[in-house]
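The data block below is coords.csv; it holds CSV, C-alpha atoms.
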```csv
chain,number,residue,atom,x,y,z
D,802,MET,CA,0.0,0.0,0.0
D,803,PRO,CA,1.4,3.5,-0.9
D,804,ASP,CA,2.4,5.7,2.0
D,805,GLU,CA,-0.1,8.4,1.1
D,806,TYR,CA,-3.1,9.0,-1.2
D,807,ARG,CA,-5.9,11.5,-1.5
D,808,LEU,CA,-9.2,12.1,-3.3
D,809,GLY,CA,-9.7,15.2,-5.4
D,810,ARG,CA,-11.6,16.7,-8.4
D,811,LEU,CA,-10.2,17.3,-11.8
D,812,ASP,CA,-12.4,18.7,-14.7
D,813,GLY,CA,-15.5,17.9,-12.7
D,814,ARG,CA,-14.5,14.3,-12.1
D,815,TRP,CA,-13.3,12.5,-9.0
D,816,VAL,CA,-9.6,11.4,-9.2
D,817,VAL,CA,-7.4,9.6,-6.7
D,818,THR,CA,-3.7,10.5,-6.4
D,819,TRP,CA,-1.1,8.5,-4.6
D,820,TRP,CA,2.7,8.3,-4.2
D,821,GLU,CA,4.6,5.0,-4.6
D,822,ASP,CA,8.4,4.7,-4.4
D,823,GLY,CA,8.6,8.5,-4.5
D,824,LYS,CA,6.6,8.7,-7.8
D,825,ARG,CA,3.2,10.5,-8.1
D,826,HIS,CA,0.3,8.5,-9.7
D,827,ARG,CA,-3.2,9.7,-10.6
D,828,HIS,CA,-6.3,7.8,-11.7
D,829,ARG,CA,-9.7,9.1,-12.9
D,830,LEU,CA,-12.7,7.5,-11.1
D,831,ALA,CA,-16.1,6.5,-12.5
D,832,SER,CA,-18.1,7.3,-9.4
D,833,ALA,CA,-20.2,10.5,-9.2
D,834,GLY,CA,-20.8,10.7,-5.5
D,835,LYS,CA,-18.0,11.3,-2.9
D,836,ALA,CA,-18.8,8.3,-0.8
D,837,ASP,CA,-18.7,5.9,-3.8
D,838,ALA,CA,-15.6,7.6,-5.1
D,839,GLU,CA,-13.8,7.0,-1.7
D,840,ARG,CA,-14.6,3.3,-1.9
D,841,GLU,CA,-13.6,3.1,-5.5
D,842,ALA,CA,-10.3,5.0,-4.8
D,843,ILE,CA,-9.3,2.4,-2.2
D,844,ASP,CA,-10.0,-0.4,-4.6
D,845,LYS,CA,-8.1,1.3,-7.5
D,846,VAL,CA,-5.1,2.2,-5.4
D,847,ARG,CA,-4.8,-1.3,-3.9
D,848,ALA,CA,-5.2,-2.9,-7.3
D,849,LYS,CA,-2.4,-0.7,-8.8
D,850,VAL,CA,0.1,-1.6,-6.2
D,851,THR,CA,-0.4,-5.4,-6.4
D,852,LYS,CA,2.4,-6.6,-8.6
D,853,PRO,CA,2.1,-9.6,-11.0
D,854,GLY,CA,3.2,-12.9,-9.5
D,855,GLU,CA,2.3,-11.9,-5.9
D,856,ARG,CA,-0.1,-14.1,-4.0
D,857,THR,CA,-3.5,-12.3,-3.9
D,858,VAL,CA,-6.5,-13.1,-1.8
D,859,GLU,CA,-8.0,-14.7,-4.9
D,860,THR,CA,-5.1,-17.1,-5.4
D,861,LEU,CA,-5.2,-18.1,-1.8
D,862,TRP,CA,-9.0,-18.6,-1.8
D,863,GLU,CA,-8.8,-20.9,-4.8
D,864,ALA,CA,-5.9,-22.8,-3.3
D,865,TYR,CA,-7.9,-23.4,-0.1
D,866,ARG,CA,-11.0,-24.4,-2.1
D,867,GLU,CA,-9.0,-26.9,-4.2
D,868,GLU,CA,-7.8,-28.6,-1.0
D,869,LYS,CA,-11.5,-28.9,0.2
D,870,LYS,CA,-12.7,-30.3,-3.2
D,871,GLY,CA,-15.3,-32.9,-2.7
D,872,ARG,CA,-16.7,-31.3,0.5
D,873,ARG,CA,-19.7,-29.0,0.7
D,874,VAL,CA,-17.6,-26.1,1.7
D,875,HIS,CA,-15.9,-26.2,-1.7
D,876,VAL,CA,-19.3,-25.5,-3.3
D,877,ALA,CA,-20.4,-22.9,-0.7
D,878,MET,CA,-17.2,-20.9,-1.1
D,879,GLY,CA,-17.7,-20.8,-4.8
D,880,PHE,CA,-21.0,-18.9,-4.3
D,881,GLU,CA,-19.5,-16.7,-1.6
D,882,TRP,CA,-16.7,-15.6,-3.8
D,883,LYS,CA,-19.2,-13.9,-6.1
D,884,ALA,CA,-19.6,-11.3,-3.3
D,885,LEU,CA,-16.1,-11.4,-1.8
D,886,GLY,CA,-14.1,-11.5,-5.0
D,887,PRO,CA,-14.8,-8.0,-6.4
D,888,HIS,CA,-14.0,-6.5,-3.0
D,889,PHE,CA,-11.0,-8.4,-1.9
D,890,GLY,CA,-9.8,-10.6,-4.7
D,891,HIS,CA,-7.1,-8.3,-6.3
D,892,LEU,CA,-5.5,-7.5,-2.9
D,893,ARG,CA,-2.5,-9.1,-1.2
D,894,PRO,CA,-3.2,-10.4,2.3
D,895,ASP,CA,-1.0,-7.6,3.8
D,896,GLN,CA,-3.3,-5.0,2.2
D,897,ILE,CA,-6.4,-6.2,4.1
D,898,THR,CA,-7.5,-3.7,6.7
D,899,VAL,CA,-10.3,-3.4,9.3
D,900,GLU,CA,-11.7,-0.5,7.3
D,901,LEU,CA,-11.9,-2.6,4.2
D,902,CYS,CA,-13.8,-5.3,6.1
D,903,ARG,CA,-16.2,-2.7,7.5
D,904,ALA,CA,-16.8,-1.3,4.0
D,905,TYR,CA,-17.6,-4.9,2.9
D,906,THR,CA,-20.1,-5.3,5.7
D,907,THR,CA,-21.7,-2.0,4.8
D,908,LYS,CA,-22.0,-2.9,1.2
D,909,ARG,CA,-23.6,-6.3,1.9
D,910,ARG,CA,-26.1,-4.8,4.3
D,911,LYS,CA,-27.1,-2.3,1.7
D,912,ALA,CA,-27.6,-5.3,-0.6
D,913,GLY,CA,-30.1,-6.7,1.9
D,914,LYS,CA,-27.9,-9.4,3.3
D,915,HIS,CA,-28.3,-10.5,6.9
D,916,ASP,CA,-25.4,-10.1,9.4
D,917,GLY,CA,-25.4,-13.9,9.8
D,918,THR,CA,-24.5,-14.3,6.1
D,919,ILE,CA,-21.8,-11.6,6.2
D,920,TRP,CA,-20.4,-13.2,9.4
D,921,THR,CA,-20.1,-16.5,7.6
D,922,GLU,CA,-18.5,-15.0,4.4
D,923,LEU,CA,-15.9,-13.0,6.3
D,924,GLY,CA,-15.3,-16.0,8.5
D,925,HIS,CA,-14.3,-18.1,5.5
D,926,LEU,CA,-12.0,-15.3,4.5
D,927,ARG,CA,-10.3,-15.4,7.9
D,928,THR,CA,-10.1,-19.2,7.7
D,929,VAL,CA,-8.3,-19.0,4.3
D,930,PHE,CA,-5.7,-16.6,5.8
D,931,VAL,CA,-5.0,-18.8,8.9
D,932,TRP,CA,-4.7,-21.8,6.6
D,933,ALA,CA,-2.3,-19.9,4.3
D,934,LYS,CA,-0.2,-18.9,7.2
D,935,ASP,CA,0.0,-22.5,8.6
D,936,ALA,CA,0.9,-23.6,5.1
D,937,ARG,CA,3.7,-21.0,5.0
D,938,LEU,CA,2.2,-19.3,2.0
D,939,ILE,CA,2.1,-16.0,3.8
D,940,ASP,CA,4.0,-14.7,6.8
D,941,HIS,CA,1.1,-13.1,8.6
D,942,ALA,CA,-2.7,-13.7,8.7
D,943,PRO,CA,-4.4,-10.3,8.6
D,944,LYS,CA,-7.2,-9.4,11.0
D,945,VAL,CA,-10.6,-9.9,9.4
D,946,GLU,CA,-13.3,-7.9,11.3
D,947,ARG,CA,-16.8,-9.3,11.2
D,948,PRO,CA,-20.1,-8.0,12.3
D,949,PRO,CA,-21.3,-9.4,15.7
D,950,LYS,CA,-22.6,-12.9,15.4
D,951,PRO,CA,-26.4,-12.7,15.5
D,952,ALA,CA,-28.1,-14.3,18.5
D,953,PRO,CA,-29.3,-17.8,17.7
D,954,LYS,CA,-33.0,-18.0,16.8
D,955,ASP,CA,-35.2,-19.7,19.3
D,956,ARG,CA,-37.6,-21.2,16.8
D,957,TYR,CA,-38.4,-24.9,17.2
D,958,LEU,CA,-41.3,-27.1,16.2
D,959,THR,CA,-44.0,-28.4,18.4
D,960,ARG,CA,-45.2,-31.9,18.0
D,961,ALA,CA,-48.2,-30.7,16.0
D,962,GLU,CA,-45.9,-28.7,13.7
D,963,ILE,CA,-43.6,-31.7,13.2
D,964,LYS,CA,-46.6,-33.8,12.2
D,965,ALA,CA,-47.7,-31.1,9.7
D,966,LEU,CA,-44.2,-31.0,8.2
D,967,LEU,CA,-43.9,-34.8,7.9
D,968,ASP,CA,-47.4,-35.1,6.4
D,969,ALA,CA,-46.8,-32.3,3.8
D,970,PRO,CA,-46.4,-33.4,0.2
D,971,LYS,CA,-42.7,-33.6,-0.8
D,972,ALA,CA,-40.2,-35.7,-2.8
D,973,PRO,CA,-39.1,-39.0,-1.1
D,974,HIS,CA,-35.5,-37.8,-0.7
D,975,VAL,CA,-36.6,-34.6,0.9
D,976,HIS,CA,-38.9,-36.5,3.3
D,977,LEU,CA,-36.1,-38.8,4.3
D,978,ALA,CA,-33.7,-35.9,4.9
D,979,ILE,CA,-36.2,-34.2,7.1
D,980,LEU,CA,-36.8,-37.4,9.1
D,981,LEU,CA,-33.1,-37.8,9.6
D,982,MET,CA,-32.7,-34.2,10.8
D,983,LEU,CA,-35.5,-34.7,13.3
D,984,SER,CA,-34.5,-38.2,14.4
D,985,THR,CA,-30.8,-37.7,14.7
D,986,ALA,CA,-30.3,-33.9,15.3
D,987,ALA,CA,-27.8,-33.9,12.4
D,988,ARG,CA,-26.9,-30.9,10.3
D,989,VAL,CA,-28.2,-31.0,6.7
D,990,GLY,CA,-24.7,-31.0,5.3
D,991,ALA,CA,-23.8,-34.2,7.2
D,992,ILE,CA,-27.0,-35.8,6.0
D,993,LEU,CA,-26.5,-35.0,2.4
D,994,GLU,CA,-22.9,-36.5,2.6
D,995,LEU,CA,-24.1,-39.7,4.4
D,996,THR,CA,-23.4,-42.9,2.6
D,997,TRP,CA,-24.9,-46.3,3.2
D,998,SER,CA,-21.6,-47.7,4.3
D,999,ARG,CA,-22.0,-45.6,7.5
D,1000,VAL,CA,-25.5,-46.8,8.2
D,1001,ASP,CA,-25.2,-49.9,10.4
D,1002,PHE,CA,-28.5,-51.7,10.5
D,1003,ASN,CA,-27.1,-54.5,12.6
D,1004,ARG,CA,-25.9,-52.2,15.4
D,1005,GLY,CA,-28.7,-49.7,14.8
D,1006,GLN,CA,-26.3,-46.8,14.4
D,1007,ILE,CA,-25.5,-44.0,11.9
D,1008,ASN,CA,-22.0,-42.6,11.8
D,1009,TYR,CA,-22.0,-39.0,10.4
D,1010,ARG,CA,-18.3,-38.7,10.5
D,1011,THR,CA,-16.8,-39.1,7.0
D,1012,ALA,CA,-13.5,-40.3,8.3
D,1013,ASP,CA,-11.3,-40.2,11.4
D,1014,ILE,CA,-9.5,-37.1,10.0
D,1015,GLY,CA,-12.6,-35.7,8.2
D,1016,PRO,CA,-15.0,-33.0,9.4
D,1017,THR,CA,-16.2,-33.8,13.0
D,1018,LYS,CA,-17.9,-30.5,14.1
D,1019,GLY,CA,-21.4,-31.3,15.0
D,1020,ARG,CA,-21.1,-34.8,13.7
D,1021,ALA,CA,-21.8,-37.8,15.9
D,1022,ILE,CA,-22.5,-41.5,15.9
D,1023,VAL,CA,-26.2,-41.8,16.8
D,1024,PRO,CA,-28.8,-44.6,17.3
D,1025,ILE,CA,-31.5,-45.3,14.8
D,1026,ASN,CA,-35.0,-45.3,16.2
D,1027,ALA,CA,-37.8,-47.6,15.0
D,1028,GLY,CA,-39.6,-45.0,12.8
D,1029,LEU,CA,-36.3,-43.9,11.1
D,1030,ARG,CA,-35.2,-47.5,10.7
D,1031,ALA,CA,-38.3,-48.4,8.7
D,1032,ALA,CA,-37.8,-45.4,6.4
D,1033,LEU,CA,-34.1,-46.3,5.9
D,1034,VAL,CA,-34.8,-49.9,5.1
D,1035,THR,CA,-37.3,-48.8,2.4
D,1036,ALA,CA,-34.8,-46.3,1.0
D,1037,HIS,CA,-32.0,-48.9,1.1
D,1038,GLU,CA,-34.0,-51.4,-0.9
D,1039,ALA,CA,-34.7,-48.8,-3.6
D,1040,ARG,CA,-31.2,-47.3,-3.6
D,1041,LEU,CA,-29.5,-46.4,-6.9
D,1042,SER,CA,-26.3,-45.0,-5.5
D,1043,GLU,CA,-24.1,-45.1,-2.4
D,1044,HIS,CA,-25.7,-41.9,-1.0
D,1045,VAL,CA,-28.6,-42.2,1.5
D,1046,ILE,CA,-30.1,-39.0,0.1
D,1047,GLU,CA,-30.1,-39.4,-3.6
D,1048,TRP,CA,-32.0,-38.1,-6.7
D,1049,ALA,CA,-32.0,-39.6,-10.1
D,1050,GLY,CA,-29.3,-42.1,-9.0
D,1051,GLY,CA,-26.9,-39.5,-7.8
D,1052,PRO,CA,-26.0,-37.4,-4.7
D,1053,VAL,CA,-28.0,-34.3,-3.8
D,1054,ALA,CA,-26.1,-31.0,-3.4
D,1055,SER,CA,-29.0,-29.1,-1.8
D,1056,ILE,CA,-32.6,-29.7,-0.7
D,1057,LYS,CA,-33.3,-26.0,-0.2
D,1058,THR,CA,-36.1,-25.8,-2.9
D,1059,GLY,CA,-37.9,-29.0,-1.8
D,1060,PHE,CA,-37.5,-28.2,1.9
D,1061,ASN,CA,-38.9,-24.7,1.6
D,1062,ALA,CA,-41.8,-26.0,-0.5
D,1063,ALA,CA,-42.6,-28.6,2.2
D,1064,VAL,CA,-42.5,-25.9,4.9
D,1065,GLU,CA,-44.9,-23.8,3.0
D,1066,ALA,CA,-47.2,-26.7,2.3
D,1067,ALA,CA,-47.3,-27.4,6.0
D,1068,GLY,CA,-48.3,-23.8,6.7
D,1069,LEU,CA,-45.2,-23.1,8.8
D,1070,LYS,CA,-43.1,-19.9,9.1
D,1071,GLY,CA,-39.5,-19.3,10.0
D,1072,VAL,CA,-38.3,-22.9,9.5
D,1073,SER,CA,-34.9,-23.8,8.2
D,1074,PRO,CA,-33.0,-27.1,8.3
D,1075,HIS,CA,-31.1,-25.8,11.4
D,1076,VAL,CA,-34.5,-25.3,13.1
D,1077,LEU,CA,-35.0,-29.1,12.8
D,1078,ARG,CA,-31.7,-29.8,14.5
D,1079,HIS,CA,-32.6,-27.3,17.3
D,1080,THR,CA,-36.1,-28.9,17.5
D,1081,ALA,CA,-34.6,-32.4,18.1
D,1082,ALA,CA,-32.3,-31.0,20.9
D,1083,VAL,CA,-35.2,-29.1,22.6
D,1084,HIS,CA,-37.4,-32.2,22.6
D,1085,LEU,CA,-34.6,-34.3,24.1
D,1086,ALA,CA,-34.1,-31.7,26.9
D,1087,ALA,CA,-37.8,-31.3,27.5
D,1088,GLY,CA,-38.0,-35.1,27.9
D,1089,GLY,CA,-35.4,-35.1,30.7
D,1090,THR,CA,-32.4,-36.3,28.7
D,1091,PRO,CA,-29.2,-35.5,30.5
D,1092,MET,CA,-27.1,-32.7,28.9
D,1093,GLU,CA,-24.2,-35.1,28.4
D,1094,LYS,CA,-26.3,-37.3,26.1
D,1095,ILE,CA,-27.8,-34.4,24.2
D,1096,SER,CA,-24.2,-33.2,23.7
D,1097,GLN,CA,-23.3,-36.5,22.2
D,1098,TYR,CA,-26.2,-36.3,19.8
D,1099,LEU,CA,-25.3,-32.9,18.7
D,1100,GLY,CA,-21.6,-33.7,18.3
D,1101,HIS,CA,-20.6,-30.9,20.7
D,1102,SER,CA,-17.0,-31.0,22.0
D,1103,ASN,CA,-18.2,-30.6,25.6
D,1104,SER,CA,-21.6,-30.5,27.4
D,1105,SER,CA,-21.1,-26.9,28.6
D,1106,VAL,CA,-22.0,-25.6,25.2
D,1107,THR,CA,-25.1,-27.8,25.2
D,1108,GLU,CA,-26.1,-26.8,28.7
D,1109,ARG,CA,-25.8,-23.1,27.9
D,1110,VAL,CA,-28.4,-23.4,25.1
D,1111,TYR,CA,-30.7,-26.2,26.1
D,1112,ALA,CA,-30.7,-26.5,29.9
D,1113,ARG,CA,-33.6,-24.0,30.2
D,1114,PHE,CA,-35.8,-26.5,28.3
D,1115,ALA,CA,-35.3,-29.3,30.8
D,1116,PRO,CA,-38.3,-29.9,33.0
D,1117,ASP,CA,-36.4,-29.5,36.3
D,1118,HIS,CA,-34.1,-26.7,35.3
D,1119,MET,CA,-33.6,-24.5,38.3
D,1120,ARG,CA,-36.6,-26.0,40.1
D,1121,ASP,CA,-34.8,-26.2,43.4
D,1122,GLU,CA,-33.5,-22.6,43.1
D,1123,ALA,CA,-37.1,-21.4,42.3
D,1124,ALA,CA,-38.3,-23.1,45.5
D,1125,LEU,CA,-35.8,-21.2,47.5
D,1126,LEU,CA,-37.3,-17.9,46.2
D,1127,ASP,CA,-40.8,-18.8,47.3
D,1128,PHE,CA,-41.2,-16.2,50.0
D,1129,THR,CA,-45.0,-16.8,50.4
D,1130,THR,CA,-44.3,-19.5,53.0
D,1131,ILE,CA,-42.5,-17.1,55.4
D,1132,HIS,CA,-44.2,-16.9,58.8
D,1133,GLU,CA,-43.6,-14.2,61.3
D,1134,VAL,CA,-41.7,-15.1,64.4
```

Starting from the coordinates I provided, produce the structure as structure tokens.
Amino acid sequence: MPDEYRLGRLDGRWVVTWWEDGKRHRHRLASAGKADAEREAIDKVRAKVTKPGERTVETLWEAYREEKKGRRVHVAMGFEWKALGPHFGHLRPDQITVELCRAYTTKRRKAGKHDGTIWTELGHLRTVFVWAKDARLIDHAPKVERPPKPAPKDRYLTRAEIKALLDAPKAPHVHLAILLMLSTAARVGAILELTWSRVDFNRGQINYRTADIGPTKGRAIVPINAGLRAALVTAHEARLSEHVIEWAGGPVASIKTGFNAAVEAAGLKGVSPHVLRHTAAVHLAAGGTPMEKISQYLGHSNSSVTERVYARFAPDHMRDEAALLDFTTIHEV
């Protein structure tokens, strides 16, 4: 980044001027308003000082994606780059600043994106830099500032809503995916990656871990209940591929369209695949399941995370403490 640059006007147009290695450079901008011109100036100056052959954010992003090929994150980061690329792609990692991250957050908010989406996008950018540093591709991982992580939504389904969702018309593979989410508390990504080799009918277990060294966050080995077993047996007999969730004889990348259609047909609002995972955990807690066991279902690294979110749903949560605060039984002495 040059030591100094400034924004000015020339013949009625905005221009940015900067000094690099003692030489003065000037570039005419396309923006009409000052705020837009300031953002464009930053992009132009940074692009001009990135020399050919240097590792840019784009080259590091693609290198990381290539290493994750075959996983869902590879596909997700391809979509995310459409937003991140124009803002960061031409820069070197050492040119990333907090101000630039804040400008990205502002731009995405103006585009109508939720802070949760922005938090995830910038989180992947941070992950790429940390990975590149560990791989010795760069010397330093720059700070990537993200908006505050939104508080988790407290939406979960009642038993009546669960029945409505299961009864709603939908494709068989979407129905099975929904049943798996509700019956095993697994994330939709783990379910779409699940293969029959990890469904053990003899032991009555599903192993959502792709490998000992593969992704483990939120992935567990869980039991198969009777209702789910019947559905899995039917699907196994009709299988055309190694994937449990399949369509036209192949794996399914996303069930978003079919899932949303089923939710709408059931007359429900505010329901995402994650809501089903949350629903499963809430019903386990409300049924008196110990936090340690719920933690195992969810694949949490320790039960303190589980307790922080789900303890309040347990029937006896803080019951003794509430009794201590019952002052109506006090008698005068």

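Nearest to D:Ala1032 of all the residues D:Ala864, D:Ile963, D:Val1064, D:Leu977 is D:Leu977, counting all atoms listed in the file.
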
**Between atom CA of D:Val1110 and atom CA of D:Tyr957 - distance in Å to one decimal** = 12.8 Å

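Taking atom CA of D:Gly1050 as the reference point, atom CA of D:Lys971 is found at 17.9 Å.
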
**Minimum-distance residue to D:Ser998, chosen among D:Ala969, D:His1037, D:Lys944, D:Gln1097 (using all atoms listed in the file)** = D:His1037

**Prompt:** With only C-alpha atoms as the basis for distance, which of D:Trp997, D:Ile1022, D:Ser984, D:His888 is at the shortest distance from D:Glu1038?
**Reply:** D:Trp997

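The protein and nucleic acid residues lying at most 10 Å from D:Glu962 are Tyr957, Leu967, Asp968, Val1064, Ala1067, Gly1068 and Leu1069 of chain D, with all atoms listed in the file considered and sequence neighbours fewer than 5 positions away removed.
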
Take every atom of stretch 1098-1101 of chain D listed in the file, fit an axis-aligned box around them, add 8 Å per side, and give the centre and edge lengths in Å to one decimal as AutoDock Vina command-line options.
```
--center_x -23.4 --center_y -33.6 --center_z 19.5 --size_x 21.6 --size_y 21.4 --size_z 18.4
```

**Request:** In Å, rounded to a single decimal, give me how far atom CA of D:Lys914 is from atom CA of D:Lys950.
**Result:**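 These two atoms are separated by 13.7 Å.
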
Please complete stretch 980-999 of chain D so it has N, CA and C atoms, and hand it over as a PDB file, in the coordinates of the input.
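Result file part34.pdb:
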```pdb
ATOM      1  N   LEU D 980     -36.694 -36.371   8.010  1.00  0.00           N
ATOM      2  CA  LEU D 980     -36.800 -37.400   9.100  1.00  0.00           C
ATOM      3  C   LEU D 980     -35.470 -37.617   9.751  1.00  0.00           C
ATOM      4  N   LEU D 981     -34.408 -37.620   8.984  1.00  0.00           N
ATOM      5  CA  LEU D 981     -33.100 -37.800   9.600  1.00  0.00           C
ATOM      6  C   LEU D 981     -32.700 -36.606  10.444  1.00  0.00           C
ATOM      7  N   MET D 982     -33.015 -35.393  10.009  1.00  0.00           N
ATOM      8  CA  MET D 982     -32.700 -34.200  10.800  1.00  0.00           C
ATOM      9  C   MET D 982     -33.452 -34.243  12.143  1.00  0.00           C
ATOM     10  N   LEU D 983     -34.711 -34.616  12.093  1.00  0.00           N
ATOM     11  CA  LEU D 983     -35.500 -34.700  13.300  1.00  0.00           C
ATOM     12  C   LEU D 983     -35.151 -35.822  14.219  1.00  0.00           C
ATOM     13  N   SER D 984     -34.783 -36.950  13.643  1.00  0.00           N
ATOM     14  CA  SER D 984     -34.500 -38.200  14.400  1.00  0.00           C
ATOM     15  C   SER D 984     -33.118 -38.279  14.947  1.00  0.00           C
ATOM     16  N   THR D 985     -32.184 -37.572  14.333  1.00  0.00           N
ATOM     17  CA  THR D 985     -30.800 -37.700  14.700  1.00  0.00           C
ATOM     18  C   THR D 985     -30.116 -36.393  15.110  1.00  0.00           C
ATOM     19  N   ALA D 986     -30.829 -35.264  14.951  1.00  0.00           N
ATOM     20  CA  ALA D 986     -30.300 -33.900  15.300  1.00  0.00           C
ATOM     21  C   ALA D 986     -29.054 -33.595  14.461  1.00  0.00           C
ATOM     22  N   ALA D 987     -28.925 -34.169  13.277  1.00  0.00           N
ATOM     23  CA  ALA D 987     -27.800 -33.900  12.400  1.00  0.00           C
ATOM     24  C   ALA D 987     -27.954 -32.671  11.579  1.00  0.00           C
ATOM     25  N   ARG D 988     -26.862 -32.066  11.188  1.00  0.00           N
ATOM     26  CA  ARG D 988     -26.900 -30.900  10.300  1.00  0.00           C
ATOM     27  C   ARG D 988     -27.229 -31.460   8.857  1.00  0.00           C
ATOM     28  N   VAL D 989     -27.844 -30.595   8.058  1.00  0.00           N
ATOM     29  CA  VAL D 989     -28.200 -31.000   6.700  1.00  0.00           C
ATOM     30  C   VAL D 989     -27.034 -31.388   5.869  1.00  0.00           C
ATOM     31  N   GLY D 990     -25.900 -30.707   6.066  1.00  0.00           N
ATOM     32  CA  GLY D 990     -24.700 -31.000   5.300  1.00  0.00           C
ATOM     33  C   GLY D 990     -24.219 -32.446   5.565  1.00  0.00           C
ATOM     34  N   ALA D 991     -24.240 -32.848   6.837  1.00  0.00           N
ATOM     35  CA  ALA D 991     -23.800 -34.200   7.200  1.00  0.00           C
ATOM     36  C   ALA D 991     -24.759 -35.240   6.616  1.00  0.00           C
ATOM     37  N   ILE D 992     -26.042 -34.904   6.577  1.00  0.00           N
ATOM     38  CA  ILE D 992     -27.000 -35.800   6.000  1.00  0.00           C
ATOM     39  C   ILE D 992     -26.870 -36.019   4.536  1.00  0.00           C
ATOM     40  N   LEU D 993     -26.618 -34.936   3.821  1.00  0.00           N
ATOM     41  CA  LEU D 993     -26.500 -35.000   2.400  1.00  0.00           C
ATOM     42  C   LEU D 993     -25.167 -35.760   1.994  1.00  0.00           C
ATOM     43  N   GLU D 994     -24.190 -35.778   2.896  1.00  0.00           N
ATOM     44  CA  GLU D 994     -22.900 -36.500   2.600  1.00  0.00           C
ATOM     45  C   GLU D 994     -22.981 -37.943   3.121  1.00  0.00           C
ATOM     46  N   LEU D 995     -24.039 -38.311   3.818  1.00  0.00           N
ATOM     47  CA  LEU D 995     -24.100 -39.700   4.400  1.00  0.00           C
ATOM     48  C   LEU D 995     -24.219 -40.736   3.340  1.00  0.00           C
ATOM     49  N   THR D 996     -23.390 -41.763   3.486  1.00  0.00           N
ATOM     50  CA  THR D 996     -23.400 -42.900   2.600  1.00  0.00           C
ATOM     51  C   THR D 996     -23.915 -44.147   3.330  1.00  0.00           C
ATOM     52  N   TRP D 997     -24.392 -45.129   2.559  1.00  0.00           N
ATOM     53  CA  TRP D 997     -24.900 -46.300   3.200  1.00  0.00           C
ATOM     54  C   TRP D 997     -23.887 -47.122   3.953  1.00  0.00           C
ATOM     55  N   SER D 998     -22.623 -46.933   3.604  1.00  0.00           N
ATOM     56  CA  SER D 998     -21.600 -47.700   4.300  1.00  0.00           C
ATOM     57  C   SER D 998     -21.451 -47.218   5.769  1.00  0.00           C
ATOM     58  N   ARG D 999     -22.037 -46.065   6.095  1.00  0.00           N
ATOM     59  CA  ARG D 999     -22.000 -45.600   7.500  1.00  0.00           C
ATOM     60  C   ARG D 999     -23.337 -45.706   8.194  1.00  0.00           C
TER      61      ARG D 999
END
```
